[in-house]
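The structure appears below as structure tokens.
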Amino acid sequence: MSAPLKALSSVAWRRGWVGVMSLLALPAVWFGGLYLAAIGAMFVTSFWTVDDMSGALIPGFSLVNFKALLADPTYAHIAERTVFIAAAVTVTDVILAWPVAYAMVRLSGPRLRAGLMAAVLIPLWSSYLARVYAWRLILSHDGVLNWALAEVGLPGLHIGYSNWAMWIVFSYLWLPFMILPVAAAVERIPPSLLEASADLGEHGFATFRRVMLPMALPGMVAGAISTFSLTLGDYVTPMLVGGEGSDFIGNVVYANVGVTNDIPFAAAYAVLPLGVMAVFLLIARKMGAFDAL
Amino acid sequence: MRSKVIIWTVVAAIFGFLFTPVIIILVYAFSAAPIPAWPLHGFAVHWFADTWNDDEVRAALLLSVEVAVLATVMAILLGTLAALAVVKMRSASREVVSFIAVLPIALPGILTGMALASYFASWGMNLSYWTIVAGHATFCTVIVYNNVVARLRRMPRSLTEASADLGADAFRTFRLVQLPMMGSAIGAGALLAFALSFDEVIVTTFTAGAQNTLPLWIFGAIRLGQKLPEVNVVVFAIIIFTAVPVLLAQRLIGDSGRVAR
């Protein structure tokens, strides 16, 4: 070992912050110089404008993009739809995650639990596009769902390319992101508490509602960060299963970057989900969800 | 007893919901028809050969593998360093750093993509191979960081102190004590980072120029309704191949941990 490194090592041991700083330097430069700077750049660019003729960015301070967003009620509708579906998906996933998490932690032995865990992880990591595409095939007019309904003599459903389709597909896509933190939170509840509740005469549902539910709240909030944020920030699923008139914030942002090349306008619209998530994350942090994330 | 039966029935139905689309898409890869139709008309395996011989698919696959490898290597370096720093910090500053560290995953993908696009644009940079890698490295770092931090928190601090008492400097302690204990967590994080990079589409559409990664190729083909039998084959292969690193990662993390994303 060379002398300077040796010296650094002993200084780092005596003064803890030197060690922390030398470890943190590289990640901090990367995060500060790229990611945080990019978020800052987006915020700054949202006040810029675009030259109509040349398409060049014009730096400056102008509220023109924000005024355009407020002037057209379409953008408010799109934002409402995005946030509403993100909230509906989050609630749906909480409801679906509980039975799985409970069965996995409280009703299974170690081997069954590992098997169920693997069964949750496989769809989680299976190709995202593959799963969206599968739902497109299932929900389309002559798809698997209507074929199955016809087989049992029921009339067909026409929910392909609708808000219903987006609700189902998003709930499907992000369910594992809710199951994992809820299961981890249930695992941390000491069994003695549940026994105490039973000894005090509480049974079944009352123990669940009064002991498990509040104690697993950080886990649910951690899951909600994922399900809410992933839905809020998506545009591929609305494009593939939502069809006409079901644009998300992301679709508008994507179209303005990729098609019309109006980056400042896209940045201004993207400030909205940034604000929504900032509020969400601050509340989540207060509730201790970051330890469960 | 009856309530247990009800819970297991519900759980079975939920797993049915989770797996039905995956199974359907796997079955479609063997459909003989050139356009998707259900029930399947005929069985065919020739689409596998056709897809393998498609130069566009091969180029996209190669690009995706390259990007994922580079992003994962950067993520291992940055994520491990950040995790080692965070566990040494005092609680107040630790909270700030760990809050910032998870932002690329906690914030919506459209934000990360949009932010990077306007960042590169404001510098007058053209989108390229390297802007894709930079974007992927950012969220892949969080995956490695999460896994390593979880392991280090369970590792008693007294071990590194004992190593120092016995005369080892920071580098020797890292090599002989910390690295062996967190090696499998780094490995698991790396496998998951690779899988995430390989599958990412939302951020990539904002950071890629003319390049097509495999997910971008799939997305384009589905939107245009072209080469759908090849899409079926490609997603079949992706599902099978990503299951391997994910299950491997879970083994590395062990029963007490979980595969964090």
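Residues in the structure tokens are named by chain (A, B, ... in the order shown) and by number from 1 within that chain; ligands are numbered from 1 in the order shown.
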Interface rows for segment 167-259 of chain A against segment 100-103 of chain B: nearest pair, Å to one decimal, 12 Å, only C-alpha atoms, as CSV:
residue,atom,partner,partner_atom,distance
A:Ala222,CA,B:Val102,CA,11.9
A:Ile225,CA,B:Leu103,CA,10.9
A:Ser226,CA,B:Leu103,CA,11.3
A:Ser229,CA,B:Leu103,CA,10.9
Take the residues from that selection and put them in a file with N, CA and C atoms, as a PDB file, in the first residue's frame.
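Heads up, here's the output in result28.pdb:
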ATOM      1  N   ALA A 222     -44.909   2.618   2.048  1.00  0.00           N
ATOM      2  CA  ALA A 222     -43.762   2.345   1.184  1.00  0.00           C
ATOM      3  C   ALA A 222     -44.233   1.751  -0.139  1.00  0.00           C
ATOM      4  N   ILE A 225     -45.803   4.416  -2.324  1.00  0.00           N
ATOM      5  CA  ILE A 225     -44.854   5.271  -3.054  1.00  0.00           C
ATOM      6  C   ILE A 225     -44.607   4.649  -4.429  1.00  0.00           C
ATOM      7  N   SER A 226     -44.366   3.326  -4.440  1.00  0.00           N
ATOM      8  CA  SER A 226     -44.092   2.661  -5.719  1.00  0.00           C
ATOM      9  C   SER A 226     -45.302   2.684  -6.636  1.00  0.00           C
ATOM     10  N   SER A 229     -46.302   6.347  -7.699  1.00  0.00           N
ATOM     11  CA  SER A 229     -45.294   6.999  -8.526  1.00  0.00           C
ATOM     12  C   SER A 229     -45.151   6.321  -9.890  1.00  0.00           C
TER      13      SER A 229
END
Write out as a list in words which residues come within 7 Å of segment 140-145 of chain B when counting only C-alpha atoms, dropping same-chain ones fewer than 2 positions away. Ala71, Thr72, Ala75, Ile76, Leu78, Gly79, Thr80, Ala82, Ala83, Ala101, Val102, His136, Ala137, Thr138, Asn147, Val148, Val149, Ile186, Gly189, Ala190, Ala193, Ser197 and Arg261 of chain B
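Within 9 Å of Leu23 of chain A, once only C-alpha atoms are used and residues closer than 4 positions along the same chain are dropped, the contacting residues are Val18, Gly19 and Pro27 of chain A; Leu81, Ala82, Ala83, Leu84 and Ala85 of chain B.
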Do you know which residues are at most 6 Å from Trp174 of chain A counting only C-alpha atoms, after dropping those on the same chain fewer than 3 positions away, and could you put them as a PDB file with C-alpha atoms, in the first residue's frame?
ATOM      1  CA  SER A 171     -53.103  -2.623 -10.664  1.00  0.00           C
ATOM      2  CA  PHE A 177     -44.436  -3.697  -5.388  1.00  0.00           C
ATOM      3  CA  THR A 227     -47.620   2.062  -7.028  1.00  0.00           C
TER       4      THR A 227
END
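With distances restricted to only C-alpha atoms, B:Val86 is the closest residue to Phe99 of chain B from B:Arg154, B:Val86, B:Asp165, B:Thr207.
Nearest residue to chain B, choosing from A:Ser126, A:Thr207, A:Thr74, A:Ser140 and counting only C-alpha atoms: A:Ser126.
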Within 12 Å of Phe208 of chain A, counting only C-alpha atoms, which residues qualify if same-chain residues fewer than 3 places away don't, as number ranges by chain? A: 98-99, 102, 106, 186, 189, 193-195, 197-198, 202-205, 211-216
Residues of chain A were defined as contacting chain B if any atom lay at most 7 Å from it, counting only C-alpha atoms; please report them as a ChimeraX atom specification. /A:9-10,20,23-24,26-27,38-39,41-42,45,99-100,118,122-123,125-128,130-131,134-135,143-144,172,225-226,229-230,232-234,250,263,267,270,277
May I have the residues from that selection written out with C-alpha atoms, as an mmCIF file, in the first residue's frame?
data_model
loop_
_atom_site.group_PDB
_atom_site.id
_atom_site.type_symbol
_atom_site.label_atom_id
_atom_site.label_comp_id
_atom_site.auth_asym_id
_atom_site.auth_seq_id
_atom_site.Cartn_x
_atom_site.Cartn_y
_atom_site.Cartn_z
ATOM 1 C CA SER A 9 -6.698 5.504 5.974
ATOM 2 C CA SER A 10 -5.413 6.529 9.389
ATOM 3 C CA VAL A 20 -17.360 9.346 4.892
ATOM 4 C CA LEU A 23 -16.417 7.321 0.142
ATOM 5 C CA LEU A 24 -19.220 9.680 -0.756
ATOM 6 C CA LEU A 26 -17.765 9.878 -6.350
ATOM 7 C CA PRO A 27 -21.478 9.048 -5.851
ATOM 8 C CA ALA A 38 -31.123 17.369 -14.293
ATOM 9 C CA ILE A 39 -34.128 17.852 -12.004
ATOM 10 C CA ALA A 41 -32.452 21.874 -15.257
ATOM 11 C CA MET A 42 -35.993 20.681 -15.888
ATOM 12 C CA THR A 45 -36.165 24.979 -18.597
ATOM 13 C CA PRO A 99 -54.334 -11.548 1.783
ATOM 14 C CA VAL A 100 -51.118 -12.534 -0.023
ATOM 15 C CA ALA A 118 -40.437 -16.406 -5.796
ATOM 16 C CA ILE A 122 -41.269 -13.606 -11.245
ATOM 17 C CA PRO A 123 -44.099 -11.410 -12.542
ATOM 18 C CA TRP A 125 -39.308 -8.852 -12.992
ATOM 19 C CA SER A 126 -40.921 -10.287 -16.119
ATOM 20 C CA SER A 127 -40.646 -7.873 -19.004
ATOM 21 C CA TYR A 128 -42.870 -4.841 -18.380
ATOM 22 C CA ALA A 130 -44.544 -8.174 -22.323
ATOM 23 C CA ARG A 131 -47.092 -7.897 -19.541
ATOM 24 C CA ALA A 134 -50.377 -9.567 -22.850
ATOM 25 C CA TRP A 135 -53.211 -7.468 -21.404
ATOM 26 C CA GLY A 143 -59.183 -11.391 -27.138
ATOM 27 C CA VAL A 144 -58.875 -14.046 -24.466
ATOM 28 C CA TYR A 172 -51.730 -5.801 -12.183
ATOM 29 C CA ILE A 225 -44.854 5.271 -3.054
ATOM 30 C CA SER A 226 -44.092 2.661 -5.719
ATOM 31 C CA SER A 229 -45.294 6.999 -8.526
ATOM 32 C CA LEU A 230 -45.043 4.281 -11.166
ATOM 33 C CA LEU A 232 -48.081 8.737 -12.279
ATOM 34 C CA GLY A 233 -44.944 8.480 -14.386
ATOM 35 C CA ASP A 234 -46.133 6.076 -17.070
ATOM 36 C CA GLY A 250 -46.683 11.340 -19.407
ATOM 37 C CA ILE A 263 -38.961 20.750 -24.248
ATOM 38 C CA ALA A 267 -40.825 20.446 -18.546
ATOM 39 C CA ALA A 270 -43.690 17.614 -15.633
ATOM 40 C CA MET A 277 -44.574 13.371 -5.437
#
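Interatomic distance, atom CA of Ala196 of chain A against atom CA of Leu217 of chain A: 19.8 Å.
For segment 45-47 of chain B, the set of protein, DNA and RNA residues having any atom at most 9 Å away, when counting only C-alpha atoms and skipping those fewer than 3 positions along the same chain, is Ala29, Phe30, Ser31, Ala32, Asp50, Thr51, Trp52, Pro229, Glu230, Asn232 and Val233 of chain B.
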When DSSP works through the backbone of this structure, what residues of segment 7-218 of chain B end up as helix (DSSP H, G or I), shown as a PyMOL selection string? chain B and resi 7-28+46-52+55-88+91-101+103-106+109-122+129-154+158-165+170-199+202-207+214-218
